[in-house]
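Here is the file coords-v1.cif (mmCIF, C-alpha atoms and all ligand atoms).
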```
data_protein
#
loop_
_atom_site.label_atom_id
_atom_site.label_comp_id
_atom_site.auth_asym_id
_atom_site.auth_seq_id
_atom_site.Cartn_x
_atom_site.Cartn_y
_atom_site.Cartn_z
CA MET Q 1 -8.78 54.43 -62.26
CA THR Q 2 -8.15 53.15 -58.75
CA ASP Q 3 -6.13 55.55 -56.66
CA LEU Q 4 -3.16 53.30 -55.86
CA ALA Q 5 -1.96 55.47 -53.00
CA THR Q 6 -5.37 55.33 -51.28
CA LEU Q 7 -5.56 51.56 -51.78
CA GLU Q 8 -2.06 51.11 -50.36
CA ALA Q 9 -2.90 53.23 -47.33
CA GLN Q 10 -6.03 51.13 -46.71
CA ILE Q 11 -4.17 47.82 -46.98
CA VAL Q 12 -1.23 48.94 -44.84
CA GLY Q 13 -3.69 50.32 -42.26
CA ALA Q 14 -5.61 47.02 -42.15
CA ILE Q 15 -2.36 45.07 -41.77
CA GLY Q 16 -1.34 47.32 -38.89
CA THR Q 17 -4.60 46.89 -37.01
CA ALA Q 18 -4.93 43.09 -37.53
CA SER Q 19 -4.68 41.85 -33.94
CA ASP Q 20 -4.18 38.15 -34.59
CA LEU Q 21 -3.08 35.73 -37.30
CA ALA Q 22 -6.64 34.97 -38.44
CA SER Q 23 -7.59 38.61 -39.08
CA LEU Q 24 -4.21 39.23 -40.76
CA ASP Q 25 -4.93 36.36 -43.14
CA ALA Q 26 -8.31 37.90 -43.92
CA VAL Q 27 -6.49 41.10 -44.96
CA ARG Q 28 -4.12 39.05 -47.16
CA VAL Q 29 -7.05 37.32 -48.90
CA SER Q 30 -8.86 40.63 -49.48
CA ALA Q 31 -5.74 42.12 -51.16
CA LEU Q 32 -3.85 39.23 -52.73
CA GLY Q 33 -6.39 36.36 -52.84
CA LYS Q 34 -8.04 35.25 -56.10
CA THR Q 35 -10.59 38.06 -56.02
CA GLY Q 36 -8.44 40.45 -53.96
CA SER Q 37 -8.05 44.14 -54.78
CA ILE Q 38 -4.38 43.93 -55.90
CA SER Q 39 -5.00 40.68 -57.80
CA GLY Q 40 -7.82 42.50 -59.65
CA LEU Q 41 -5.43 45.26 -60.69
CA LEU Q 42 -2.84 42.73 -61.88
CA LYS Q 43 -5.47 40.89 -63.93
CA GLY Q 44 -6.73 44.20 -65.42
CA MET Q 45 -3.29 45.00 -66.89
CA GLY Q 46 -3.98 42.77 -69.89
CA ALA Q 47 -6.70 45.20 -71.00
CA LEU Q 48 -4.41 48.27 -70.92
CA SER Q 49 -2.66 49.79 -73.87
CA PRO Q 50 1.11 49.15 -74.10
CA ASP Q 51 1.84 52.71 -72.95
CA GLU Q 52 -0.48 52.52 -69.95
CA ARG Q 53 0.91 49.11 -69.08
CA ARG Q 54 4.48 50.42 -69.12
CA GLU Q 55 3.44 53.15 -66.69
CA GLN Q 56 1.03 51.25 -64.44
CA GLY Q 57 2.88 47.89 -64.35
CA PRO Q 58 5.75 48.92 -62.08
CA LEU Q 59 3.37 50.85 -59.81
CA ILE Q 60 1.01 47.87 -59.35
CA ASN Q 61 3.87 45.38 -58.96
CA GLY Q 62 5.52 47.68 -56.41
CA LEU Q 63 2.23 47.90 -54.49
CA ARG Q 64 1.99 44.09 -54.50
CA ASP Q 65 5.60 43.68 -53.27
CA ARG Q 66 5.17 46.20 -50.45
CA ALA Q 67 1.86 44.62 -49.37
CA GLN Q 68 3.51 41.19 -49.31
CA ALA Q 69 6.45 42.52 -47.28
CA ALA Q 70 4.14 44.31 -44.81
CA LEU Q 71 2.08 41.13 -44.39
CA ALA Q 72 5.23 39.04 -43.73
CA THR Q 73 6.56 41.51 -41.14
CA ARG Q 74 3.22 41.71 -39.32
CA LYS Q 75 2.87 37.92 -39.41
CA ALA Q 76 6.30 37.44 -37.79
CA ASP Q 77 5.40 40.03 -35.10
CA LEU Q 78 2.06 38.36 -34.32
CA GLU Q 79 3.66 34.88 -34.20
CA SER Q 80 6.29 35.93 -31.75
CA ALA Q 81 3.68 37.73 -29.61
CA ALA Q 82 1.53 34.53 -29.62
CA LEU Q 83 4.55 32.47 -28.54
CA ASP Q 84 5.34 34.92 -25.73
CA ALA Q 85 1.72 34.73 -24.53
CA GLN Q 86 1.81 30.90 -24.60
CA LEU Q 87 5.09 30.77 -22.67
CA ALA Q 88 3.72 33.18 -20.09
CA SER Q 89 0.54 31.11 -19.62
CA GLU Q 90 2.51 27.84 -19.26
CA HIS Q 91 4.91 29.30 -16.75
CA LEU Q 92 5.48 27.12 -13.65
CA ASP Q 93 6.85 28.56 -10.44
CA LEU Q 94 8.91 25.67 -9.13
CA SER Q 95 9.75 27.57 -5.97
CA LEU Q 96 6.10 27.57 -4.76
CA PRO Q 97 5.43 25.21 -1.81
CA ALA Q 98 3.51 21.98 -2.66
CA PRO Q 99 -0.22 22.10 -1.89
CA PRO Q 100 -1.13 20.40 1.40
CA ARG Q 101 -2.48 17.12 -0.05
CA ARG Q 102 -2.41 13.77 1.76
CA ARG Q 103 -0.52 11.31 -0.39
CA GLY Q 104 -0.54 8.13 1.66
CA GLY Q 105 -0.91 6.75 5.12
CA VAL Q 106 0.04 4.03 7.51
CA HIS Q 107 -1.35 0.67 6.32
CA PRO Q 108 -4.03 -0.79 8.65
CA THR Q 109 -1.87 -3.91 9.14
CA MET Q 110 1.05 -1.80 10.36
CA GLN Q 111 -1.28 0.32 12.49
CA VAL Q 112 -2.70 -2.81 14.16
CA MET Q 113 0.80 -4.25 14.69
CA ASP Q 114 1.76 -1.01 16.43
CA GLU Q 115 -1.39 -1.24 18.55
CA MET Q 116 -0.51 -4.82 19.53
CA ILE Q 117 3.06 -3.87 20.35
CA ALA Q 118 1.82 -0.97 22.51
CA ILE Q 119 -0.57 -3.24 24.45
CA PHE Q 120 1.95 -6.04 25.03
CA ALA Q 121 4.78 -3.61 25.80
CA GLU Q 122 2.67 -2.25 28.64
CA MET Q 123 2.40 -5.82 29.97
CA GLY Q 124 6.17 -6.17 29.93
CA PHE Q 125 6.72 -7.99 26.61
CA ALA Q 126 9.79 -7.21 24.48
CA VAL Q 127 9.72 -7.33 20.66
CA ALA Q 128 11.76 -10.10 18.98
CA ASP Q 129 12.19 -10.99 15.34
CA GLY Q 130 13.56 -13.66 13.03
CA PRO Q 131 14.24 -14.14 9.31
CA ASP Q 132 11.51 -14.57 6.67
CA ILE Q 133 13.67 -17.26 5.02
CA GLU Q 134 13.85 -20.11 7.51
CA ASP Q 135 15.21 -23.62 7.68
CA ASP Q 136 13.23 -26.74 8.33
CA PHE Q 137 14.61 -27.06 11.86
CA HIS Q 138 13.27 -23.72 13.15
CA ASN Q 139 9.99 -23.76 11.20
CA PHE Q 140 9.06 -27.41 11.89
CA THR Q 141 11.43 -29.84 13.62
CA ALA Q 142 12.24 -27.84 16.75
CA LEU Q 143 8.54 -26.99 17.06
CA ASN Q 144 7.81 -30.69 17.50
CA PHE Q 145 6.49 -31.37 13.99
CA PRO Q 146 7.50 -35.05 13.56
CA PRO Q 147 9.54 -35.75 10.37
CA LYS Q 148 7.33 -36.73 7.40
CA HIS Q 149 4.31 -36.25 9.66
CA PRO Q 150 1.14 -34.94 7.96
CA ALA Q 151 1.15 -32.03 10.41
CA ARG Q 152 3.83 -30.50 8.17
CA GLU Q 153 1.27 -30.48 5.36
CA MET Q 154 -1.00 -28.29 7.52
CA HIS Q 155 0.91 -25.39 6.06
CA ASP Q 156 1.25 -25.13 2.27
CA THR Q 157 4.91 -24.26 2.36
CA PHE Q 158 6.94 -22.35 -0.23
CA PHE Q 159 10.22 -24.30 -0.45
CA PHE Q 160 13.46 -23.17 -2.12
CA GLU Q 161 15.55 -25.57 -4.23
CA ALA Q 162 17.44 -28.16 -2.19
CA ASN Q 163 21.20 -27.69 -1.64
CA ALA Q 164 23.85 -30.39 -2.25
CA ALA Q 165 23.02 -31.97 1.14
CA GLY Q 166 19.34 -32.17 0.16
CA GLU Q 167 18.25 -29.44 2.63
CA ARG Q 168 15.62 -26.99 1.52
CA MET Q 169 15.20 -23.48 2.94
CA LEU Q 170 11.63 -22.19 3.04
CA LEU Q 171 9.56 -19.05 3.54
CA ARG Q 172 8.41 -19.30 7.15
CA THR Q 173 4.80 -20.44 7.37
CA HIS Q 174 4.27 -18.87 10.80
CA THR Q 175 6.11 -16.64 13.28
CA SER Q 176 6.53 -19.58 15.71
CA PRO Q 177 10.19 -20.20 14.66
CA VAL Q 178 10.99 -16.95 16.50
CA GLN Q 179 10.06 -18.83 19.71
CA ILE Q 180 12.91 -21.24 19.01
CA ARG Q 181 15.42 -18.53 18.08
CA THR Q 182 14.56 -16.63 21.28
CA MET Q 183 14.78 -19.63 23.63
CA VAL Q 184 18.10 -20.67 22.10
CA SER Q 185 19.65 -17.21 22.38
CA GLN Q 186 18.16 -15.84 25.63
CA LYS Q 187 18.02 -17.10 29.18
CA PRO Q 188 14.58 -17.38 30.83
CA PRO Q 189 12.53 -15.66 32.09
CA ILE Q 190 11.36 -14.75 28.58
CA ARG Q 191 8.44 -12.56 27.62
CA ILE Q 192 8.39 -11.64 23.94
CA ILE Q 193 6.11 -10.95 21.03
CA ALA Q 194 7.31 -11.41 17.45
CA PRO Q 195 5.43 -9.52 14.74
CA GLY Q 196 6.28 -10.34 11.13
CA ARG Q 197 5.49 -11.60 7.65
CA THR Q 198 4.50 -15.20 6.99
CA TYR Q 199 3.88 -17.13 3.75
CA ARG Q 200 1.65 -19.96 2.56
CA LYS Q 201 0.53 -21.21 -0.86
CA ASP Q 202 -2.99 -19.95 -0.50
CA SER Q 203 -4.97 -17.30 -2.36
CA ASP Q 204 -8.68 -16.55 -2.16
CA GLN Q 205 -11.03 -13.99 -0.61
CA THR Q 206 -9.77 -14.65 2.91
CA HIS Q 207 -6.22 -15.84 2.19
CA THR Q 208 -3.20 -14.14 0.62
CA PRO Q 209 0.18 -15.88 -0.02
CA MET Q 210 1.85 -13.31 2.25
CA PHE Q 211 0.22 -12.31 5.51
CA HIS Q 212 1.21 -11.09 8.97
CA GLN Q 213 1.26 -12.74 12.38
CA VAL Q 214 2.15 -11.75 15.89
CA GLU Q 215 3.64 -14.53 17.98
CA GLY Q 216 3.82 -14.46 21.76
CA LEU Q 217 5.99 -16.48 24.13
CA VAL Q 218 6.35 -16.52 27.91
CA ILE Q 219 8.85 -18.85 29.61
CA ASP Q 220 9.29 -18.77 33.36
CA ARG Q 221 8.84 -20.91 36.48
CA ASP Q 222 5.37 -22.14 37.57
CA ILE Q 223 3.58 -20.74 34.52
CA HIS Q 224 0.08 -22.17 33.99
CA MET Q 225 -3.05 -21.76 31.85
CA GLY Q 226 -4.37 -19.07 34.21
CA HIS Q 227 -1.52 -16.76 33.16
CA LEU Q 228 -2.29 -17.44 29.51
CA LYS Q 229 -6.01 -16.78 29.99
CA TRP Q 230 -5.50 -13.49 31.83
CA THR Q 231 -2.92 -12.24 29.34
CA LEU Q 232 -5.05 -12.99 26.29
CA GLU Q 233 -8.32 -11.72 27.77
CA THR Q 234 -6.61 -8.51 28.82
CA PHE Q 235 -5.17 -8.14 25.33
CA VAL Q 236 -8.52 -8.71 23.57
CA GLY Q 237 -10.29 -6.18 25.83
CA ARG Q 238 -7.66 -3.51 25.18
CA PHE Q 239 -7.49 -4.25 21.47
CA PHE Q 240 -11.25 -4.01 20.88
CA GLU Q 241 -11.49 -1.19 23.44
CA THR Q 242 -14.26 -2.68 25.54
CA SER Q 243 -14.32 -3.86 29.13
CA ASP Q 244 -16.98 -6.56 28.69
CA VAL Q 245 -15.34 -9.06 26.36
CA VAL Q 246 -16.57 -12.64 26.64
CA THR Q 247 -14.02 -15.21 25.48
CA ARG Q 248 -14.13 -18.96 24.92
CA PHE Q 249 -11.16 -21.32 24.83
CA ARG Q 250 -11.85 -24.19 22.43
CA PRO Q 251 -9.59 -27.31 22.55
CA HIS Q 252 -7.42 -27.60 19.46
CA HIS Q 253 -4.22 -29.25 18.28
CA PHE Q 254 -0.86 -27.67 17.57
CA PRO Q 255 2.31 -29.81 17.64
CA PHE Q 256 4.20 -27.21 19.67
CA THR Q 257 1.71 -26.74 22.52
CA GLU Q 258 0.03 -29.14 24.95
CA PRO Q 259 -2.74 -28.51 25.79
CA SER Q 260 -3.65 -26.31 22.81
CA ALA Q 261 -6.63 -24.07 22.31
CA GLU Q 262 -8.19 -21.56 20.00
CA LEU Q 263 -9.54 -18.38 21.50
CA ASP Q 264 -12.94 -17.13 20.32
CA VAL Q 265 -14.47 -13.77 21.18
CA GLN Q 266 -18.20 -13.28 21.53
CA CYS Q 267 -19.55 -10.85 18.95
CA ASP Q 268 -22.57 -9.58 17.12
CA ARG Q 269 -22.52 -9.72 13.32
CA THR Q 270 -26.06 -8.52 12.57
CA GLY Q 271 -26.35 -5.72 10.02
CA GLY Q 272 -22.96 -6.53 8.48
CA GLU Q 273 -21.18 -4.74 11.31
CA LEU Q 274 -19.01 -6.44 13.90
CA LYS Q 275 -19.56 -5.59 17.55
CA VAL Q 276 -17.40 -7.27 20.17
CA GLY Q 277 -18.77 -7.99 23.67
CA GLN Q 278 -22.39 -8.73 22.69
CA GLY Q 279 -24.45 -10.98 20.41
CA GLN Q 280 -24.68 -14.68 19.57
CA SER Q 281 -21.65 -15.27 17.30
CA TRP Q 282 -18.10 -16.32 18.05
CA LEU Q 283 -15.08 -14.91 16.30
CA GLU Q 284 -11.92 -17.01 16.13
CA VAL Q 285 -9.04 -14.72 17.09
CA LEU Q 286 -5.91 -16.76 17.81
CA GLY Q 287 -4.22 -20.08 18.56
CA CYS Q 288 -2.49 -20.69 21.88
CA GLY Q 289 -1.39 -23.26 24.42
CA MET Q 290 1.18 -24.33 26.97
CA VAL Q 291 4.59 -24.76 25.33
CA HIS Q 292 5.19 -28.48 24.68
CA PRO Q 293 7.99 -30.00 26.87
CA ASN Q 294 9.66 -31.28 23.67
CA VAL Q 295 9.96 -27.71 22.35
CA ILE Q 296 11.53 -26.53 25.61
CA ARG Q 297 13.93 -29.50 25.48
CA ASN Q 298 14.76 -28.85 21.80
CA CYS Q 299 16.00 -25.41 22.86
CA GLY Q 300 18.33 -26.81 25.52
CA LEU Q 301 16.13 -26.02 28.54
CA ASP Q 302 14.82 -28.40 31.20
CA PRO Q 303 11.01 -28.65 31.00
CA ASP Q 304 10.83 -29.64 34.67
CA GLU Q 305 12.34 -26.29 35.56
CA TRP Q 306 10.83 -24.02 32.88
CA GLN Q 307 7.29 -23.82 31.58
CA GLY Q 308 5.48 -21.35 29.46
CA PHE Q 309 2.67 -20.42 27.14
CA ALA Q 310 2.58 -19.26 23.57
CA PHE Q 311 0.10 -17.77 21.15
CA GLY Q 312 -0.11 -16.70 17.53
CA MET Q 313 -2.58 -14.50 15.71
CA GLY Q 314 -3.27 -13.22 12.21
CA VAL Q 315 -2.75 -9.46 12.13
CA ASP Q 316 -4.41 -8.71 8.78
CA ARG Q 317 -7.63 -10.47 9.80
CA LEU Q 318 -7.76 -8.55 13.07
CA ALA Q 319 -7.15 -5.30 11.17
CA MET Q 320 -10.02 -6.13 8.79
CA LEU Q 321 -12.33 -6.87 11.71
CA LYS Q 322 -11.41 -3.80 13.72
CA TYR Q 323 -11.50 -1.33 10.84
CA GLY Q 324 -14.19 -2.87 8.60
CA VAL Q 325 -12.09 -3.85 5.56
CA PRO Q 326 -14.27 -6.19 3.45
CA ASP Q 327 -11.72 -8.06 1.24
CA LEU Q 328 -8.33 -9.33 2.38
CA ARG Q 329 -6.80 -9.16 -1.11
CA ASP Q 330 -7.35 -5.38 -1.26
CA MET Q 331 -5.02 -5.10 1.73
CA PHE Q 332 -2.04 -5.85 -0.54
CA ALA Q 333 -3.19 -4.43 -3.90
CA SER Q 334 -1.10 -1.25 -3.40
CA ASP Q 335 -3.97 0.99 -4.51
CA VAL Q 336 -3.30 4.52 -3.23
CA ARG Q 337 -7.05 5.29 -3.22
CA TRP Q 338 -7.61 2.34 -0.87
CA LEU Q 339 -4.70 3.41 1.29
CA SER Q 340 -5.86 7.00 1.58
CA HIS Q 341 -9.32 5.69 2.62
CA TYR Q 342 -8.21 3.03 5.12
CA GLY Q 343 -4.76 4.38 6.01
CA PHE Q 344 -3.83 6.17 9.21
CA SER Q 345 -1.92 9.37 9.73
CA ALA Q 346 1.76 8.78 10.37
CA PHE Q 347 1.48 11.38 13.14
CA ALA Q 348 -1.09 9.35 15.11
CA ALA Q 349 1.03 6.38 16.27
CA PRO Q 350 -0.89 4.25 18.78
CA THR Q 351 0.26 4.33 22.38
CA ALA Q 352 -1.31 2.89 25.53
CA ALA Q 353 -1.48 6.37 27.04
CA GLY Q 354 -2.37 8.38 23.94
CA GLY Q 355 -5.02 6.02 22.54
CA LEU Q 356 -4.94 2.91 20.42
CA SER Q 357 -7.07 3.73 17.40
N1 LIG Q 401 1.66 -21.00 14.48
C1 LIG Q 401 0.21 -21.21 14.51
C2 LIG Q 401 -0.33 -20.98 13.10
O1 LIG Q 401 0.26 -20.32 12.33
C3 LIG Q 401 -0.42 -20.24 15.46
C4 LIG Q 401 -0.09 -20.57 16.86
C5 LIG Q 401 -0.90 -21.44 17.58
C6 LIG Q 401 1.05 -20.06 17.48
C7 LIG Q 401 -0.62 -21.76 18.88
C8 LIG Q 401 1.33 -20.39 18.79
C9 LIG Q 401 0.50 -21.25 19.49
O2 LIG Q 401 2.41 -19.93 19.42
O3 LIG Q 401 0.80 -21.57 20.77
O4 LIG Q 401 -1.38 -21.49 12.80
#
```
Show the structure stored in the file as structure tokens.
Amino acid sequence: MTDLATLEAQIVGAIGTASDLASLDAVRVSALGKTGSISGLLKGMGALSPDERREQGPLINGLRDRAQAALATRKADLESAALDAQLASEHLDLSLPAPPRRRGGVHPTMQVMDEMIAIFAEMGFAVADGPDIEDDFHNFTALNFPPKHPAREMHDTFFFEANAAGERMLLRTHTSPVQIRTMVSQKPPIRIIAPGRTYRKDSDQTHTPMFHQVEGLVIDRDIHMGHLKWTLETFVGRFFETSDVVTRFRPHHFPFTEPSAELDVQCDRTGGELKVGQGQSWLEVLGCGMVHPNVIRNCGLDPDEWQGFAFGMGVDRLAMLKYGVPDLRDMFASDVRWLSHYGFSAFAAPTAAGGLS
């Protein structure tokens, strides 16, 4: 005859020492499972005589009930201990300072714009700006684009819907309209640059529908091509940080300048790397020219009294060239990995005195 008291002590002891839910379940199976010790006793009752059964039955049932109760209590204790452990391990201290991780940076286009502003500011240029949404007058007509002339098709313009009078606003195709706004609102002498966004219906490896330009305008008395040449050569040398830049002015056509030119910089492209100031290649950097007398007249000034020069350059392309960015479209893909690779620290703003790159 099994000693029920000994068996109970064993089971209760095993329940007490089970340290997790899995070992507690093993104790339950060994006592109350199909072939468990208490189950065996319950099954064996059928073989007892009625008298023995009357005596043993309540004892065995009592043992089973107490074992079940002890298992349930221990299970609840272990579950709440497991929950406490999980809560402790998932604890977050929100008062801890954030780890020092760089999350972004200054975009190369903005860095290069700041560099350009620093260089021209040192030469006495002020910064001007105008709206991205322009009218036909400022973007084309005042800049001496003849009405219906194919020169207007040079730029694939984004037009808005026409108003009742049939006039269409547009997204400016260049920063040149800021020349007009400046000449109309300020008295000469004028020396400004106008950095900003520009838009054209164009998208491929070297074109994006939105891009950036910096415009320049000088209006004064007795201004000639020599002033333009010195200003732009000085700029290119400072921008590419070399004293031996070789430049070439190539005749070109723009409606708003006469004569007009494009400025190329001598460079070396061997080995996939761009070096300015050496080599056999030419790199087209900007458009420029002497402001057309019609443009000066369109702004209410007398071209016999006031002359000037102007220039315009693509900022994103210059940023790509200076900092080795291979694909223009990546510049505006808003990929933080790209930005943390090519971006600049916000604490390293370019200045003429402190360094430009
Ligand atoms: N606006 C011209 C363009 O987007 C660039 C340009 C050329 C601007 C000559 C000028 C200039 O001011 O004189 O292609």
**Request:** Please give me, as a PyMOL selection string, the residues lying within 10 Å of ligand LIG 401 (chain Q) when counting only C-alpha atoms and all ligand atoms.
**Result:** chain Q and resi 139+143+154-155+172-179+193+198-200+212-218+252-263+286-292+308-314
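Shortest atom-to-atom contact with Leu78 of chain Q among Q:Pro303, Q:Pro147, Q:Pro293, Q:Gly16: Q:Gly16, counting all atoms listed in the file.
Here atom CA of Gln86 of chain Q and atom CA of Ser19 of chain Q stand 15.8 Å from one another.
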May I have a table of the residues of segment 317-338 of chain Q lying at most 9 Å from segment 267-284 of chain Q, giving each one's closest pair of atoms and their distance in Å to one decimal, counting all atoms listed in the file, ordered by chain and ascending residue number, as CSV?
```
residue,atom,partner,partner_atom,distance
Q:Leu321,CA,Q:Leu274,CA,7.0
Q:Lys322,CA,Q:Leu274,CA,8.0
Q:Gly324,CA,Q:Glu273,CA,7.7
```
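A straight line drawn from atom CA of Trp306 of chain Q to atom CA of Ile219 of chain Q is 6.4 Å long.
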**Request:** Calculate how many Å separate atom CA of Ile192 of chain Q from atom CA of His107 of chain Q, rounding to one decimal.
**Result:** 23.6 Å
**Request:** Could you give me, as a list in words, the residues within 10 Å of Phe239 of chain Q, counting only C-alpha atoms and dropping anything in the same chain fewer than 6 positions from it?
**Result:** Val112, Glu115, Met116, Ala118, Ile119, Glu233, Leu318, Lys322, Leu356 and Ser357 of chain Q
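Of the residues listed (Q:Met331, Q:Met183, Q:Ala5, Q:Ala194), Q:Met183 shows the shortest atom-to-atom separation from Ile296 of chain Q; distances use all atoms listed in the file.
Counting all atoms listed in the file, the residue from Q:Gly62, Q:Pro131, Q:Pro195, Q:Pro99 that sits nearest to Glu8 of chain Q is Q:Gly62.
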**Fill in**
Of Q:Leu71, Q:Pro189, Q:Ser345, Q:Asp202, the one sitting nearest Ala26 of chain Q when using all atoms listed in the file is Q:Leu71
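Among the candidates Q:Ile180, Q:Ile38, Q:Val315, Q:Ala333, the one nearest to Asn294 of chain Q when counting all atoms listed in the file is Q:Ile180.
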**Message:** Residues within 12 Å of segment 45-56 of chain Q, please, as a PyMOL selection string. Count all atoms listed in the file; anything in the same chain fewer than 4 positions from it doesn't count.
**Reply:** chain Q and resi 1-4+38-41+60-63
Only C-alpha atoms, please: the residues just picked out, written as a PDB file, in the coordinates of the input.
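Listed below is the output, part-v2.pdb:
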```
ATOM      1  CA  MET Q   1      -8.780  54.430 -62.260  1.00  0.00           C
ATOM      2  CA  THR Q   2      -8.150  53.150 -58.750  1.00  0.00           C
ATOM      3  CA  ASP Q   3      -6.130  55.550 -56.660  1.00  0.00           C
ATOM      4  CA  LEU Q   4      -3.160  53.300 -55.860  1.00  0.00           C
ATOM      5  CA  ILE Q  38      -4.380  43.930 -55.900  1.00  0.00           C
ATOM      6  CA  SER Q  39      -5.000  40.680 -57.800  1.00  0.00           C
ATOM      7  CA  GLY Q  40      -7.820  42.500 -59.650  1.00  0.00           C
ATOM      8  CA  LEU Q  41      -5.430  45.260 -60.690  1.00  0.00           C
ATOM      9  CA  ILE Q  60       1.010  47.870 -59.350  1.00  0.00           C
ATOM     10  CA  ASN Q  61       3.870  45.380 -58.960  1.00  0.00           C
ATOM     11  CA  GLY Q  62       5.520  47.680 -56.410  1.00  0.00           C
ATOM     12  CA  LEU Q  63       2.230  47.900 -54.490  1.00  0.00           C
TER      13      LEU Q  63
END
```
Please give the centre and size of the box around segment 340-353 of chain Q (axis-aligned, containing every atom listed in the file, 8 Å added per side), with values in Å to one decimal and written as AutoDock Vina command-line options.
```
--center_x -3.8 --center_y 7.1 --center_z 14.3 --size_x 27.1 --size_y 24.5 --size_z 41.5
```
Reconstruct N, CA and C atoms of segment 230-243 of chain Q from the incomplete input and present them as an mmCIF file, in the frame of the given file.
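Here's the written file part.cif:
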```
data_model
loop_
_atom_site.group_PDB
_atom_site.id
_atom_site.type_symbol
_atom_site.label_atom_id
_atom_site.label_comp_id
_atom_site.auth_asym_id
_atom_site.auth_seq_id
_atom_site.Cartn_x
_atom_site.Cartn_y
_atom_site.Cartn_z
ATOM 1 N N TRP Q 230 -5.452 -14.908 31.436
ATOM 2 C CA TRP Q 230 -5.500 -13.490 31.830
ATOM 3 C C TRP Q 230 -4.834 -12.613 30.770
ATOM 4 N N THR Q 231 -3.663 -13.048 30.317
ATOM 5 C CA THR Q 231 -2.920 -12.240 29.340
ATOM 6 C C THR Q 231 -3.746 -12.018 28.077
ATOM 7 N N LEU Q 232 -4.339 -13.118 27.565
ATOM 8 C CA LEU Q 232 -5.050 -12.990 26.290
ATOM 9 C C LEU Q 232 -6.380 -12.248 26.456
ATOM 10 N N GLU Q 233 -7.068 -12.469 27.565
ATOM 11 C CA GLU Q 233 -8.320 -11.720 27.770
ATOM 12 C C GLU Q 233 -8.040 -10.235 27.956
ATOM 13 N N THR Q 234 -6.969 -9.927 28.649
ATOM 14 C CA THR Q 234 -6.610 -8.510 28.820
ATOM 15 C C THR Q 234 -6.272 -7.886 27.472
ATOM 16 N N PHE Q 235 -5.515 -8.639 26.657
ATOM 17 C CA PHE Q 235 -5.170 -8.140 25.330
ATOM 18 C C PHE Q 235 -6.426 -7.865 24.487
ATOM 19 N N VAL Q 236 -7.338 -8.857 24.437
ATOM 20 C CA VAL Q 236 -8.520 -8.710 23.570
ATOM 21 C C VAL Q 236 -9.364 -7.503 24.011
ATOM 22 N N GLY Q 237 -9.528 -7.329 25.329
ATOM 23 C CA GLY Q 237 -10.290 -6.180 25.830
ATOM 24 C C GLY Q 237 -9.668 -4.862 25.427
ATOM 25 N N ARG Q 238 -8.343 -4.766 25.558
ATOM 26 C CA ARG Q 238 -7.660 -3.510 25.180
ATOM 27 C C ARG Q 238 -7.742 -3.288 23.669
ATOM 28 N N PHE Q 239 -7.537 -4.390 22.919
ATOM 29 C CA PHE Q 239 -7.490 -4.250 21.470
ATOM 30 C C PHE Q 239 -8.832 -3.786 20.915
ATOM 31 N N PHE Q 240 -9.925 -4.408 21.391
ATOM 32 C CA PHE Q 240 -11.250 -4.010 20.880
ATOM 33 C C PHE Q 240 -11.851 -2.870 21.697
ATOM 34 N N GLU Q 241 -11.096 -2.368 22.655
ATOM 35 C CA GLU Q 241 -11.490 -1.190 23.440
ATOM 36 C C GLU Q 241 -12.851 -1.339 24.100
ATOM 37 N N THR Q 242 -13.025 -2.478 24.789
ATOM 38 C CA THR Q 242 -14.260 -2.680 25.540
ATOM 39 C C THR Q 242 -13.932 -3.478 26.803
ATOM 40 N N SER Q 243 -14.653 -3.185 27.877
ATOM 41 C CA SER Q 243 -14.320 -3.860 29.130
ATOM 42 C C SER Q 243 -15.116 -5.155 29.299
#
```
